[in-house]
Structure formats: C-alpha cells, structure tokens
Amino acid sequence: MFQHAYFKRINFRRTSLVLLAFGSILLATALLNHQAVFASPAQVDNPPTSPLHPTFEILDEAGQNVLLSGKPVSTMKTCGTCHDTDFIEQHSYHAWVGLDEMFSPGQKDGFREWDTSTGYFGKWNPLFYRYLTPPGDERLDLSTAEWIMTQGIRHVGGGPAVRDRNQASLLNLSPSASNPEASILDARTGQAVPWNWSESGVVEMNCFLCHIPEPNAAARAQALRDGLFRWANTATLLGSGLVEQQGATYTWNAEAFDKDGKLKSEYVTIQDPTNENCGLCHGLVHDDLQDPLLTTGCKPDQYRTQTSGQIISPQRMADSGMNLANKVSLDRSWDIHAERQVTCTDCHFSLNNPVYYQADANSQPDYLTFDPRRLELGEYLYQPLHQFARGQSAQSTVAPELKGTMRSCESCHSIENTHDWLPYKESHVRALSCETCHVQKIYSTAYQQFDWTVVRTDGHASTACRGVEGESGSLKALIKGFEPVILPRKNIDGNVQLAPYNLITSWFWVYGEPARPVRQIDLMAAWLVGDEYAPEVLALFDQDGDGELNPVELRIDTPEKETLISNRLQTLGLDNPRIVGEVQPYSINHTVAAGDWATKDCRACHTNDSRLTQPFTLASYVPGNVMPEFVQSTNTQASGDILLLENGELIYQPDTSQEGVYIFGHNAVAWVDLLGSLFFMGTLLGITAHGGLRFYTSLKRPRHTPELKTVYMYTVYERLWHWLQTFTIILLLFTGLIIHKPATFGIFSFSGVVIVHNILAVILLVNAALSLFYHLVSGEIRQYIPRPYGFMDQAIQQALYYLRGIFKGAEHPFEKTPEKKLNPLQQVTYFGILNVLLPLQVVTGALMWGVQHWPDVAARLGGLPFLAPFHSLIAWLFASFIVGHVYLTTTGHEPLAAIKAMMMGWDEVEVYHPVEETVEA
Amino acid sequence: MKNFRFIWVVGLVVTLAIITIPLVIFWPKDTAPKDDPWAHVPVRPPHTDHTALLPGPFENPSDVTRACLECHPDAASDLMKTTHWTWESDPVMLPGRSEPVTIGKKNSLNNFCLGIRSNWPGCTTCHAGYGWSDESFDFTNQELVDCLVCHDSSGLYVKSKSGLPAEGVDLAAAAQSVTTPSRDNCGSCHFDGGGGNGVKHADLDEHLYNPTDELDVHMGKNNFICIDCHQTKDHLVSGRALSTSITLENQIYCTDCHIATPHADERLNNHTSSVACQTCHIPYGAIKDPTKVDWDWSTAGQDLPEDPHEYLKIKGSFIYEKNLVPEYYWFSGMETRYIVGDIIDPSKPTVINQIAGDIHDPNAKIFPFKVHRARQPYDTVYNYLLQPKTVGEGGFWTTFDWKSALEAGSKAIGIEFSGQYGFAETEMYWPITHLVAPKERALQCESCHGPNGRLDWQALGYPGDPLEWGGRDLNTGLTISAGK
C-alpha cells in the first residue's frame, strides 16, 4: 500500500542538492518538478517556458512530424519519444475511468441495478443523467461516441476514448447501429445510427491538458462535441502559438519550429500540473490574488464545486467578487492549503514519484522508520505512474485499491503539540475527522436536489441549490453558504469518524425489469412536443394557466400527475415506469480553514441542538411521494433518519448515538433523567410531608425541654473530612449538571466546567481515600458496619421512630455517642453510599475521563453511551441522598443541633432513657 | 477546644482552600507571551488652556515666541538642537571618507527639487523658524523659533515664504490655541513633502488627517496622532527619515510597542527574522493619492501641454503612481549618502541614498520601498551632480536657461561648474513605514511566494523561492533570531 508518506521538504532539498552534484539530467528533472521558482515576475504575463525540458518534434499518429504531414498531434507518439506513454496510459485511472472495472448491470453489490462500472465510464450519475448503454440493451441512450462528446470533456482521453469494452482499439470496430460502441443516438429520430470511428478518430490520453499552462479546454471541448476526436488534443494547443484554427481545419505554425522540425525552446512550456490544470475538470480553482474570484455556484463546468461547494483559492473571501453574506468579516482564504502554496499534486502525487512516495510505516519491518531507497529520477521520468494518490471520497468508487493512498491531514499535521486548548483532544480526534471542525462551513453553493421526474423545456432536470438566497446562478443572489451535514465516515483503516458531506438527492423515472433509467430523450418525449410542454401536461400542471410551468408547477405532487406522466412514458413503450429517489453523499475535504476559523466553541456540539446532529435539508419537496434512499457504494453509513416535514421539506436527521458516540451536553438518556429526577422529587416531597407533619404535631404537643448533655462527638479530622466531602459533592453535582445540560447554563464555559469537575473529582477521591485510611487505622470504621445481631429489629425500631414516634415527641430509640454515632438506618445508608454509590461513581467517572487515554477499557464496559448515563443516574441518587441526609439532621432536639455539632464538634445530646424492650429479639 | 467559637470559620477556610488551591494550580495556563502594545501608547493630561495666558495682541511672530519663552525658557534652545531647526545632522564619519560630514536639507542634494541652497524662501516655508531666506539666517536667535507651526490648534496658522506666517494670520488666536501637536501640525509639512500632497512619500499624504480604518490602522482605527509613535522629549521628536539615516539613533521600531513575534501562527513568526513588519503589513503605498515615482528634469523648459501630474515647463515630466506596489530590498536601517561633489558614473543610475544591507547582513530585513527615479543635471566634465538655482531672479523657473541657472546654483553650493552639463539618472529609496493596514489586509503567502509573487528572490540573493529552497539561514549560514 502506498500510504501515509511522511515526506518533508528538507528531504527534497537534500535530494536536489545531491542532484546538483550529480549531473545535468537529474538536475533537469528535479528542476522540472519545481520549475515555478524560475518564473521571475517579469515573465508572469507569458507562460513560463520550461527551463530544462528539451525541445522535441510534434509527431502524428504515424510518427511523422506534423509540420510535414499537417495531421493532428499524437501525444502517445510525441511524448512517447522519451516517456513510456503506453505505460503511462495503462497505469492511469484518469484515463481508464472504470473501463478495466466493468461488470454486467446488476452484478456488483452496492451499485445501481443498471451501473456497469465503478468509474466515470459506466457508473450512472443522476447529475449527468445520460446512461452509458451496455451491449444488448434494447434502447440506446449514451453510446461510447456520445459519451466522449459529452462526458469526455471531463476525461483526459485514452482508456475508453481509444478502446472498446474488450480493450481492443475502437478504430477496429465497424460502424453498426446495433452496437452501442459503434453507433450514436440520433436525437431527432430517436434511432441509433452507425458511428464511423476511422472517420472521427479516437482521443488519445491528452498530456497537454495537465502539463502545459493554460491548455485550451474550451477549444478541446468544442472539438469533442463536434465529434472531431482526432483533433481534440491538437485543439488543446490553440492559443499557444503552435497551431491555428480556421473553421474545421487546424494549421501547424511553422514559425514555432526550428529548422530541424523541433519546437523552438520558447514554445516548450511543459510543466508539472498546477492547480489550474486539475481544476479544469475537478472544480473551481483560482490562483490569482489580484483578480476577484467570481462564481455563482452550481455550475456544471465546475464539478466538485457544484457537488460540494468546494473552491480552491488562496484569495481571501472578503477580496472575492462574490455576493457573500457578511463578506467584510470573511478575512479568511477559501483554502488554507492553496494559501500556503500546497498544490493538488503535493497530496495527490504520482505513486512512484521518488520525491513524494514513501512506503507506509506499517508495511515496513519494525527496525525501519524510513526507507531511503528511491526510484532513479530517470526511471521515474520514463515511466511515471499516472495512478495518483487518492483519498476515500464517498462519491468516487473507481480504483478502489488506491483509496487512502494520498497524504491525509495526519500525514502532515501533528496534533501532539497543538490543540492543547481542546479538552479530551485524543477523544475528539478519534471521533471526529479534522474536516469536521476545519471545514466548518462552505461559503459557496452546491446542488441540493435533482428532479428528473420532470424536465424543463431545455431538456434539463428541475434542480435546486443550497446556500443561496434568491435566484441561484444570478450574480445578485446572496450567497449564504451552508454547514455540511456530519456523517460517520468509514475510513480505509476501518475507523469510523464523523466527517462533513453534502447530500444531493435525485429523483428519476426507471422502467422495465431489470430497471433502467428512462432515457432523457424518452423523458422529453413524454413531457414535450417540440420544445414546448404537451397540451395534456400543461392542462394538468399549469395551475396559473399562463401556458408555462414555473418551478413550483413543474412537480409531480399528486397521483394524477404521476399517472399522466407514467401513462405517457408507457405510450412510448416503456414498461412499468416508476419513480426512484436516491441520496448521494459527497465528501468535503478541501476548502480547509486555519484554526481561527475552525469550530472552537464547545457548545457548537455539546448542546441540545448540536452541530453534529443538525438536520440537513435534502429537498424542498418529494416528487411522487417517493422517499429516497442512500446510495450504497459510499464511505458513509447514514444511520440517521430521512424525515418529511409538514411543510413538504425533506430533511436528513443525523443520529450520532448509532455510532457509539456520546456527546456530553447533547446526548442524554431520557429515562435515566426521568427516573433520577422522579427519585429526587420523591425525596423532596417525602421530607416536605414528613417535616410538615412534624411541625404540625409539635404545635399540638406541649413543649418538651429535653435533658441535655454536651458530648465531644466529632473530631477535627472527621469534621474536615465531612465538610470537604460536602463541598466537593455539591460542586460536583452542580458542575455535572452544567456538563449534562450546558444550554441551560449558558453563562458557564463548558470546557472550564469540565476542568473544574475533573479536579473536584480528584479531591473527592483523595479525601475519601484518606478518610478510609483514618477510619481503618482508628477503628472508627466499626461505626459504619452494621452488626448483624439484632440489626433488622433495630432498623425497624428506628424506622418506626421516624414514622410514628417522632410525631409524638418520643425519644430517639438509640443513643448517639462518640463511639456509636450512627443509628442502624444511617449505618445501612452510609454502607450503601460508601460501598456502592461512591465507588461506582468514581469508577464510571474515572473511565469517562480515561476514554481519552485508555479507550479500550471504557469500550469494553460499554463506552460512553453506557458509562455516561450511568454516571448521571448515580448523580441523581447522590442528590437525593443529600436532600434526605440534610433533612434527617434536623430531627434532633433542635432542628440545627446536629449541623452545629458537625461544625463545632460538640454535640448536645439528650440524656438517653432507654425504653423498655418492646420488640422481641 | 470547646471554647473556640470560631473553629467553624477556620474549618470553612481550610476546606475552601483545599478545593481552590488545586483548581488554581491545575487550571490550564496560557504561556504565550503577551503582546500588549497599548501599554506603550502615551496617555496625555489635558493641555493647559492658554487663552488667558496669551491675550495678545502680537505685532510680529517673534513676539509670540518671546511670550512662550517667558514660561518655557528652555523650549527654544531645546528645539534648536533638533533637525526641525538645523535641517542638518551632527557631523558623522562615513565609510570611505576622510572627514566627518553632515547631511540634511540644508546642504544635500536630492532628486526632487534638487537642493535648497539659493532657492531658500520656497523650501524654508516648512522650516520651524522665521525668515530663513538666504545664507545669512541666524540659527542662534531664539526669537526666530516658530512655536506655532507645531502647537497651533486654531487651524488658521499658515506659513509662507521663508517660514514667515502668511499674510493676515491672527497671531493672537493662534497663540491662544496652543496645545499638543496634532496630525494637522505635523501633516502641514510632512504630508506635502516634495511640494505637494503625497508627492515625496508613498506612505504620507493628506488622507492621514482623517484616515479610514483600512488606510492606517494606527491613525484610523486606533485614532493615533503622530506623536503617539514619534514620542518627543525636550522637543526632540523621535524617529528619523529613513531616506537620510546615516545613524540609527533615535529611530522608532514597530517592536517598540509590539513583540517581535506577535503572530499566533508559528510560520509567520518565523518570517520576522528576515522580513520587516512593514513588508507584509503595508501592502500598498499611495493608496488614496498618487505619489511621484519618476521625474525627468531634462524635458523642462519646453512649451508642452501642462498637467501637474505629467508635465510642467518649470520642472519637466513626471510619472505618478497610485496603489503603488513597493519594491523590496534588504535594509539594515542604514544607508550612505551622495554628498555634494561626489563623482558619479553617468553611464548608470546614481543612487543618492544607497540603502545598506544584503542577505548576508544579520541586521538587514526585507523592507518595502518607493524608489524615486529621476534624470537630473550633472557636470559632464567634472562628473558630479549639479544643483540649479531655480527660484527667483536668474533662476531656471524664470529664465528657463539651464546654463545660467546651474552656474548660479553651483556658486551657491560651492562647486565648480565647467559649463558643460547633461542629465544623469539617479535613484532615491524611500522606505515605506506608515499606512499600516489592519491585519486582515496584510499580504498573504502568494503575495510573495509562488509564481505570481512580488519578490524577485534571486535579486534578493536567494537561489529561488525560500518556500521551496529554504530561508537565508540555509542559504547563507546565518543564524538570525527574530527581533527588531
């Protein structure tokens, strides 16, 4: 496994210093990787030329210089002069996009019934909608040729753009309307027509797209859309001065070549891929500080930005051109890594790049911490793996064996010496991914829902964007951003952490058995006549009768509407059309904020409406009343609930308790609190009734002046021990309550209270231990141990006194002496408290604290979800005990006598007149 | 024991102590050094109202000075020791010279209006004295000290030729209004250096009378006045023009109030040993008003269309720049200075104030500069810079005849003029140190690092961007700690 490469810059510097000494070729390669340093400010306007990449001839498919042949460039031949382009293309999931991982529809668990691959080529995506038709299907939707024309714009070429599904050359296929690999859907007739590959050519893997500055992506896309596949890579060079276009013909510019037919050195701009190169397909990248960044979001040409709102830019948000809410205060950059000049390829590096790659420490022998053996740079440049280190995103399932190979947060960042402000940092880090706090909010927009049960007159779905107020896509709309939903992420190492996601919910029609998504062309035929809605459709859907369907009208929200469209689909020959809904999670790992902008307030999570369980809008309505289901082949297990609110909004309600996560101040087991509080209230009621009755009876009784004697009842240490315990327990109960319900006690700092609670707990424990030692050594422990002989009788006697005698002014049944301070009921109560409640509370408390250090021990005992409610329950019992205890101290000859004795040590006790033995032994 | 009634108080105290002491001991401590710049900002008592003390009337400005000196007998003699009066430094030995030299407006050349000698009355408008109109000015006469230019708060006191009050100034009103110098007092000369708003300094212009929060965080957001930083004792105002610093004496530093490594981010703190605070915290000069960056005297004297920001017959052609991106050089705070009579090499630009410092100098940091470039007259035979007489009878601004003006100017500054003149390229380096932006607007990493950065790393002496090639410790072997 290529995992966790702990590369440091210093290593590179050493490497390059060595290289400087070792010869120009190697030097050249090292500098190639970092050629940017040679770009002096004066060169900024023109793309910097490669300082060391040699000049080369541009060759066509036949290996002839294009200047002579006038034919399109063949990247495989041109770059293949020095690099092993076959190797590169064969080892690139960017080129293959799932072609090597294809399967028959319905044959792979976790995928849709109609998916045919793990990758872009064959895995259906409701955002693009078109379905790559497998061989044998009755209706052709997307053929290979049309896939290249549409989806190929985000594909680097090679793979399925040069090979068929048997991995033979597409050029060998003879045109055939019945073969989805050699035909194309004629949108006008709805019929498949043959596609002639030898006429169109194929799209070789396009080196220029990633390795020159400012490749002409628009011209390339146009060539692809026009079916001029062979010319697409040449079109990428338009604007570089190498080639010019007139109409459909491309002319190589002889001026750019020297007399040997090689490129002049000023035209050689080969470079490492920059963020902009990656951004061409992956999302919005903006590297210019001076030019205000501007996007209206939810733009199909910015793929990852529309699916998750992620924007890669060093620019401060406040300096951007976007209409952001509270923009002035947003003095953070869009992405701290972009700001710190960490580029895409620093983490997503080529897996045999000797500068970056390092074997996973776990796969090394124990005696090695670093393996210094490296691939020769020359070998690497000849055969650079174009398998790039990748993460483990929810949505991307291609090349599963490479998941988690990239540098993750922990590969570069240490939590050891940071985050000291964060209590229980180990526990937090175990439960939360870094992104949860460091991508706390997305300050852009992203798609929320795709409704393909309907179709707009332009053939597109009805969609909605999140994070925007007003018309999305308009510069005037206020971009408010959104807080990602927090879902459990199953990491590649098997650990589960909470991590941020966007959820895109889609509804669409499928038909037949096994199911296929209804083709866009059929969907349009069902809804539209020409480019207007069919009259029957309008009659039912157009509520305001204006002849158009606005976004609110364009919804299947009644059974009649569903039936109408279903019938119209059936008329087209589609069997059993039905609506299906799915929720696709999209991982959010970029647009990271530095500490100042990360979630830091404890109460963001540790409160009732915790950030971690904040509901997340899935859709503003539910087409056809079909509840969507989560897509299976992701890295998250959605354990919460999809709920339909009364206003018709569909939300996802996360539920962290399913993940074994117990969040103090947020999670509470209702019955524990109910039972505990009932017990507490019962005790309160009991003493109130008892006290009231005592008072009432004492009024009716003649005043009795007891005969008193003063006894030194409690030693100094006993009093100190007692009162210290009193204070700590009361403070523990109070701080515990705050931790339990922080929202109710907003003025207290959550983390501060946690610290106080822990320190108090230690004081209590030490005090209890010292006191135990005292009682054992002094023998006073005997006072707490009920003597078995006659105990029951005496206990009953004492109980009867509290129930009857006390109201009649009877004497206490047992004398209180320094040697025997406790009556039998006290003995049994304290025995219980000291031997059961206190140890349990200490142990559960210590384990809860210890979760950060010995998580396994706590886990074996049920973890926080068990320990924490248990701790709360005992706390309730302690609180009840204190109420009862304090009340019973008032049952002496005077209400405050006992408390006073505990304070002063000297007790005034009634001279004891033993009553006759009324109870038999 | 029984009689000790207050045992419970003792018990209570002991119990609470047992609880509190561990809490105090184990409470998490913040060990980071505190940056408390406000501790260094002076708090001034209200100034005495002088209305009743100086009833007037005052016939002439020296009457006011005499009245001041009655109660402040040392004020004039103190001031007269400072450059606000002398316009000349104490004699200093400079490397490569056998005799000590003094520099200052009084005797030096620059590449703006070139020199004051023989041109006094206009230049000395800003002298803190009365009547410096020629060489004969008496620098020992206390009654010629202008107290009002710094202490007037009426806003109606204006100086004119030779530093005398303008016609119609109500001296009594000005005298009665005296108080602590405000931005208006300092700004009346310093914001208009070079003869107009923002002309000379890219970091000082009239917008600093009432700056916004963004323009200058000290004077805007925190409402500083000049002397909050330029703290003054016995009329000696601290701080010195970095463009004429042949010593570091009495200089002001950011670190006078701020700690050397104030950033929460370690990465930023690591910069402070090689990068001056100003470099990142003053992202642009001339933000509100343009500043002059180029002055070509050689085109003067022609009848071309005039525009004060492009061409004037008396002065030649100019280039002004707004939102100036500074140039960055190593700077130790020191520099050497062109002294009248120094030989130049006309084939390349003559640096009038050569800033000191390079990547090997542990006291040098990368610092932002406005560089003012000019073409100014020099003697093609003797190869030294000349200074024309410009003002008044026989001055270039009247005659438009270079030869006679240079003749007269040379006489005034005491050098030979061969009669042959040309125009030599010169440069002056003006460090940018005001207009500190709020921290949210400071430069970002990309501003300097990466392909679009402002800094020319190789010109600064690095092999390449230190983000990739390492800092100067690695490239020069210097060990430099963060500090001033």
# chains A, B, ... in the order shown; residues from 1 in each chain; ligands from 1
>>> select_by_dssp(residues="region 368-428 of chain B", states="helix (DSSP H, G or I)", output="NGL selection string")
:B and (396-399 or 402-413)
>>> write_last_selection(atoms="C-alpha atoms", output="mmCIF file, in the first residue's frame")
data_model
loop_
_atom_site.group_PDB
_atom_site.id
_atom_site.type_symbol
_atom_site.label_atom_id
_atom_site.label_comp_id
_atom_site.auth_asym_id
_atom_site.auth_seq_id
_atom_site.Cartn_x
_atom_site.Cartn_y
_atom_site.Cartn_z
ATOM 1 C CA PHE B 396 15.653 78.416 -14.044
ATOM 2 C CA TRP B 397 11.964 78.836 -13.380
ATOM 3 C CA THR B 398 12.214 82.363 -14.685
ATOM 4 C CA THR B 399 14.846 82.131 -17.379
ATOM 5 C CA TRP B 402 19.958 75.709 -17.685
ATOM 6 C CA LYS B 403 23.425 77.029 -18.062
ATOM 7 C CA SER B 404 22.946 80.244 -16.105
ATOM 8 C CA ALA B 405 20.784 78.527 -13.518
ATOM 9 C CA LEU B 406 23.422 75.843 -12.963
ATOM 10 C CA GLU B 407 26.104 78.452 -12.837
ATOM 11 C CA ALA B 408 24.266 80.314 -10.092
ATOM 12 C CA GLY B 409 23.393 77.091 -8.275
ATOM 13 C CA SER B 410 26.972 75.823 -8.355
ATOM 14 C CA LYS B 411 28.139 79.050 -6.884
ATOM 15 C CA ALA B 412 25.606 78.712 -4.080
ATOM 16 C CA ILE B 413 26.690 75.180 -3.207
#
>>> residues_around(residues="region 172-186 of chain B", least_positions_apart="4", cutoff="9 Å", atoms="only C-alpha atoms", output="PyMOL selection string")
chain B and resi 44+46-58+64+68+147-157+190-191+208-210+224-227
>>> write_last_selection(atoms="C-alpha atoms", output="PDB file, in the first residue's frame")
ATOM      1  CA  ARG B  44      -1.560  62.745  27.878  1.00  0.00           C
ATOM      2  CA  PRO B  46      -5.321  67.708  29.079  1.00  0.00           C
ATOM      3  CA  HIS B  47      -3.305  70.630  27.793  1.00  0.00           C
ATOM      4  CA  THR B  48      -3.446  73.913  29.689  1.00  0.00           C
ATOM      5  CA  ASP B  49      -5.766  76.428  28.133  1.00  0.00           C
ATOM      6  CA  HIS B  50      -3.540  79.328  27.057  1.00  0.00           C
ATOM      7  CA  THR B  51      -6.334  81.743  26.131  1.00  0.00           C
ATOM      8  CA  ALA B  52      -5.937  83.868  29.230  1.00  0.00           C
ATOM      9  CA  LEU B  53      -2.179  83.461  29.357  1.00  0.00           C
ATOM     10  CA  LEU B  54      -1.517  84.909  25.918  1.00  0.00           C
ATOM     11  CA  PRO B  55      -4.024  87.729  25.471  1.00  0.00           C
ATOM     12  CA  GLY B  56      -2.007  89.396  22.699  1.00  0.00           C
ATOM     13  CA  PRO B  57      -2.088  91.326  20.550  1.00  0.00           C
ATOM     14  CA  PHE B  58       1.129  90.283  18.839  1.00  0.00           C
ATOM     15  CA  VAL B  64       4.689  85.178  20.220  1.00  0.00           C
ATOM     16  CA  CYS B  68       6.235  81.486  25.010  1.00  0.00           C
ATOM     17  CA  CYS B 147       6.393  77.630  18.167  1.00  0.00           C
ATOM     18  CA  LEU B 148       3.068  77.954  16.429  1.00  0.00           C
ATOM     19  CA  VAL B 149       3.651  75.717  13.453  1.00  0.00           C
ATOM     20  CA  CYS B 150       3.679  72.732  15.791  1.00  0.00           C
ATOM     21  CA  HIS B 151       1.425  73.935  18.602  1.00  0.00           C
ATOM     22  CA  ASP B 152      -1.305  75.951  16.955  1.00  0.00           C
ATOM     23  CA  SER B 153      -4.689  74.293  17.087  1.00  0.00           C
ATOM     24  CA  SER B 154      -6.772  77.108  15.644  1.00  0.00           C
ATOM     25  CA  GLY B 155      -6.188  75.673  12.209  1.00  0.00           C
ATOM     26  CA  LEU B 156      -5.765  79.233  10.946  1.00  0.00           C
ATOM     27  CA  TYR B 157      -1.996  79.470  11.246  1.00  0.00           C
ATOM     28  CA  HIS B 190       5.188  66.177   6.202  1.00  0.00           C
ATOM     29  CA  PHE B 191       2.123  65.156   4.176  1.00  0.00           C
ATOM     30  CA  LEU B 208      -3.888  60.856   7.049  1.00  0.00           C
ATOM     31  CA  TYR B 209      -5.552  63.925   8.562  1.00  0.00           C
ATOM     32  CA  ASN B 210      -8.666  61.781   8.914  1.00  0.00           C
ATOM     33  CA  PHE B 224      -3.361  57.695  16.955  1.00  0.00           C
ATOM     34  CA  ILE B 225      -1.761  61.055  16.470  1.00  0.00           C
ATOM     35  CA  CYS B 226       1.742  61.299  15.044  1.00  0.00           C
ATOM     36  CA  ILE B 227       3.445  61.852  18.382  1.00  0.00           C
TER      37      ILE B 227
END
>>> residues_around(residues="Thr397 (chain A)", least_positions_apart="6", cutoff="12 Å", atoms="only C-alpha atoms", output="MDAnalysis selection string")
chainID A and resid 93 97:98 101 110:111 115 117:124 390:391 403:404 586 631:635
>>> closest_residue(among="B:Tyr328, B:Phe139, B:Tyr253, B:Trp38", to="Arg240 (chain B)", atoms="only C-alpha atoms")
B:Tyr253
>>> interface_residues(of="chain B", to="chain A", cutoff="6 Å", atoms="only C-alpha atoms", output="list in words")
Trp8, Thr15, Glu440, Pro451, Gly464 and Asp465 of chain B
